[in-house]
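This report concerns only the one structure given below.
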Amino acid sequence: MKPFLFVTDLDHTLVGDKKALEQLNQELENHRKVYGSKIVYATGRSLTLYQELTTEQSLLNPDALITAVGTEIYFDSNYETPDLEWSSKLSVGWNRDLVVEIAAKFEDLVPQQDSEQRPFKVSYLIPEEAAKQILPQLNNLLENENIKFKLIYSGSEDLDILPLDADKGLAVKFLQNRWKYYSQETVVCGDSGNDIALFSVGEERGIIVGNARSELREWYEANKTDYRYFATSFYADGILEGLRFLNFL
Ligand SMILES: [Mg+2]
């Protein structure tokens with residue numbers, strides 16, 4: 001057994017089955033102690049909603065926490081300030097105020113709660129049918145302003161507008177560089193659209209939990225390779241199944 005970089009989404013991936021989560025926690029904590037593996041949580045939640053989740057679920061203290069869809073990285077449970085090197089990378093070509101101004105032109109875009117609006121993330125709710133119509137128009141308007149941005153639509157309702165160089169996958173690349181892990185020593189786990197960035201950024205070993213949302217299922221079917229595993233089991237059980245299949249545990 002060797003150290004590996006374990007990265008997982010939280011909602012409906014790591015979290016969803018408390019008993020399975022306990023089991024996975026034990027195995028991962030043990031691996032970290034014995035082999036020095038690193039544990040990273042990568043979530044769409046803000047730090048505020050992450051901290052709320054830690055009061056409801058038994059989570060480990062991660063070596064790094066990626067929040068707000070990859071726009072903030074915190075190390076070693078120091079939640080005072082996100083990593084400055086990462087923040088300064090994201091600020092290039094980003095204009096938050098202008099993004100908000102342009103998005104306000106679309107009535108169907110309903111702003112998410114204040115805690116989810118972050119310096120490098122502007123978030124809305126929009127149902128799938130409306131999204132199909134509006135997202136291309138929004139995309140064009142933002143492009144015309146030369147903003148370096150990307151749109152991420154997830155879970156059939158969440159729209160995030162982020163700096164071009166921000167997403168969960170690019171945040172993982174940043175951690176790999178800092179800690180010196182290769183793609184084949186990295187495993188990423190997810191269940192929905194904002195996790196596609198985790199799976200597509202390189203050749204990281206991937207686990208898609210059995211309960212994955214349609215957008216990720218479809219992406220998996222269209223991009224099959226032998227280093228990604230679609231688990232039969234759900235939530236943390238699916239992760240355990242995948243870690244065994246990929247020979248990490
Ligand atoms: Mg999720």
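Chains: A, B, ... in order of the structure tokens. Residues: from 1 per chain. Ligands: from 1, in order shown.
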
Using only C-alpha atoms and all ligand atoms, what does the table of chain A residues within 7 Å of ligand 1 look like, with each row giving the shortest atom pair and its distance in Å to one decimal, sorted by chain and ascending number, as JSON lines?
```
{"residue": "A:Asp9", "atom": "CA", "partner": "ligand 1", "partner_atom_place_in_ligand_line": "1 (Mg)", "distance": 5.6}
{"residue": "A:Leu10", "atom": "CA", "partner": "ligand 1", "partner_atom_place_in_ligand_line": "1 (Mg)", "distance": 5.7}
{"residue": "A:Asp11", "atom": "CA", "partner": "ligand 1", "partner_atom_place_in_ligand_line": "1 (Mg)", "distance": 4.1}
{"residue": "A:His12", "atom": "CA", "partner": "ligand 1", "partner_atom_place_in_ligand_line": "1 (Mg)", "distance": 4.8}
{"residue": "A:Thr13", "atom": "CA", "partner": "ligand 1", "partner_atom_place_in_ligand_line": "1 (Mg)", "distance": 5.4}
{"residue": "A:Gly190", "atom": "CA", "partner": "ligand 1", "partner_atom_place_in_ligand_line": "1 (Mg)", "distance": 6.1}
{"residue": "A:Asp191", "atom": "CA", "partner": "ligand 1", "partner_atom_place_in_ligand_line": "1 (Mg)", "distance": 5.1}
{"residue": "A:Ser192", "atom": "CA", "partner": "ligand 1", "partner_atom_place_in_ligand_line": "1 (Mg)", "distance": 5.4}
```

Run DSSP on the backbone of this structure and report the residues of range 165-243 of chain A it assigns to alpha helix (DSSP H), as a PyMOL selection string. chain A and resi 168-179+196-200+214-222+235-243

So how many Å separate CA of Ala131 in chain A and CA of Asn223 in chain A, to one decimal?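 Taking CA of Ala131 in chain A and CA of Asn223 in chain A, their separation equals 23.6 Å.
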
Suppose you want the space between CA of Ala171 in chain A and CA of Thr55 in chain A; what is it in Å? 25.1 Å

What's the 7 Å shell around Ile161 in chain A, counting only C-alpha atoms, without same-chain residues fewer than 6 positions away, as a PyMOL selection string? chain A and resi 121-123+149-152

Residues of range 16-106 of chain A in strand (DSSP E or B), written as JSON, numbers by chain: {"A": [38, 39, 40, 41, 42, 64, 65, 66, 67, 72, 73, 74, 75]}

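The residue set within 6 Å of range 82-91 of chain A, counting only C-alpha atoms and dropping same-chain residues fewer than 4 places from it, reads Glu72, Ile73 and Tyr74 of chain A.
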
So which residues touch Asn144 in chain A within 12 Å, counting only C-alpha atoms, skipping near sequence neighbours fewer than 6 positions away, as a tab-separated table (two decimals) with all heavy atoms, in the first residue's frame?
```tsv
chain	number	residue	atom	x	y	z
A	98	LEU	N	-19.49	43.11	-12.67
A	98	LEU	CA	-20.04	43.10	-14.02
A	98	LEU	C	-20.83	41.79	-14.28
A	98	LEU	O	-21.87	41.81	-14.93
A	98	LEU	CB	-18.89	43.26	-15.03
A	98	LEU	CG	-19.26	43.55	-16.47
A	98	LEU	CD1	-20.20	44.75	-16.58
A	98	LEU	CD2	-17.99	43.81	-17.29
A	99	VAL	N	-20.35	40.69	-13.73
A	99	VAL	CA	-21.08	39.42	-13.87
A	99	VAL	C	-22.48	39.56	-13.24
A	99	VAL	O	-23.49	39.20	-13.85
A	99	VAL	CB	-20.30	38.26	-13.18
A	99	VAL	CG1	-21.16	37.01	-13.08
A	99	VAL	CG2	-19.01	37.96	-13.95
A	102	ILE	N	-24.81	41.75	-15.37
A	102	ILE	CA	-25.31	41.11	-16.59
A	102	ILE	C	-26.34	40.03	-16.25
A	102	ILE	O	-27.39	39.93	-16.89
A	102	ILE	CB	-24.13	40.54	-17.41
A	102	ILE	CG1	-23.33	41.71	-17.98
A	102	ILE	CG2	-24.62	39.61	-18.51
A	102	ILE	CD1	-22.02	41.32	-18.61
A	137	GLN	N	-27.57	32.54	-23.97
A	137	GLN	CA	-27.65	34.01	-24.05
A	137	GLN	C	-26.73	34.66	-23.03
A	137	GLN	O	-26.01	35.62	-23.32
A	137	GLN	CB	-29.09	34.47	-23.78
A	137	GLN	CG	-30.10	33.98	-24.80
A	137	GLN	CD	-31.53	34.34	-24.35
A	137	GLN	OE1	-31.77	35.38	-23.76
A	137	GLN	NE2	-32.47	33.46	-24.62
A	138	LEU	N	-26.77	34.13	-21.81
A	138	LEU	CA	-25.93	34.66	-20.73
A	138	LEU	C	-24.46	34.53	-21.12
A	138	LEU	O	-23.65	35.46	-20.96
A	138	LEU	CB	-26.22	33.89	-19.43
A	138	LEU	CG	-25.35	34.23	-18.22
A	138	LEU	CD1	-25.55	35.67	-17.79
A	138	LEU	CD2	-25.66	33.29	-17.06
```

Counting only C-alpha atoms, which residues in range 25-122 of chain A sit no more than 9 Å from range 195-199 of chain A? For each one, give the nearest pair of atoms and the distance in Å, sorted by chain then residue number, as CSV.
```
residue,atom,partner,partner_atom,distance
A:Ala42,CA,A:Asp195,CA,8.8
A:Thr43,CA,A:Asp195,CA,8.9
A:Val69,CA,A:Asp195,CA,8.7
```

Please save N, CA and C atoms of the selected residues as a PDB file, in the first residue's frame.
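out_24.pdb was written with the following content:
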```pdb
ATOM      1  N   ALA A  42     -13.961  18.364  -1.457  1.00  0.00           N
ATOM      2  CA  ALA A  42     -14.162  19.368  -2.517  1.00  0.00           C
ATOM      3  C   ALA A  42     -15.655  19.558  -2.700  1.00  0.00           C
ATOM      4  N   THR A  43     -16.160  20.688  -2.260  1.00  0.00           N
ATOM      5  CA  THR A  43     -17.608  20.870  -2.208  1.00  0.00           C
ATOM      6  C   THR A  43     -18.061  22.144  -2.916  1.00  0.00           C
ATOM      7  N   VAL A  69     -17.196  25.399  -5.036  1.00  0.00           N
ATOM      8  CA  VAL A  69     -16.934  24.861  -6.384  1.00  0.00           C
ATOM      9  C   VAL A  69     -15.495  25.122  -6.857  1.00  0.00           C
TER      10      VAL A  69
END
```

Which residues come within 8 Å of Leu109 in chain A, counting only C-alpha atoms, excluding same-chain residues fewer than 4 positions away, as a count of residues only? 5

Rounded to one decimal, what separation in Å do you get between CA of Lys180 in chain A and CA of Ser200 in chain A? 19.4 Å

Identify which of the residues A:Val40, A:Leu243, A:Leu24, A:Val172 lies closest to Phe75 in chain A, counting only C-alpha atoms when measuring atom-to-atom distances.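 Going through A:Val40, A:Leu243, A:Leu24, A:Val172 one by one, the smallest distance to Phe75 in chain A is for A:Val40.
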
Determine the nearest neighbour of Ile239 in chain A from the options A:Tyr181, A:Phe6, A:Phe106, A:Trp94, counting only C-alpha atoms.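 Answer, going by the shortest atom-to-atom distance: A:Phe6.
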
Between A:Arg96, A:Lys132, A:Lys168, A:Arg32, smallest distance to Tyr153 in chain A by only C-alpha atoms belongs to A:Lys132

Among listed residues A:Ser183, A:Asn140, A:Thr67, A:Gln112, nearest Asp167 in chain A (using only C-alpha atoms): A:Thr67

Nearest to Val188 in chain A by atom-to-atom distance, counting only C-alpha atoms, from A:Gly202, A:His31, A:Ser156, A:Glu129: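 Closest residue, counting only C-alpha atoms: A:Gly202.
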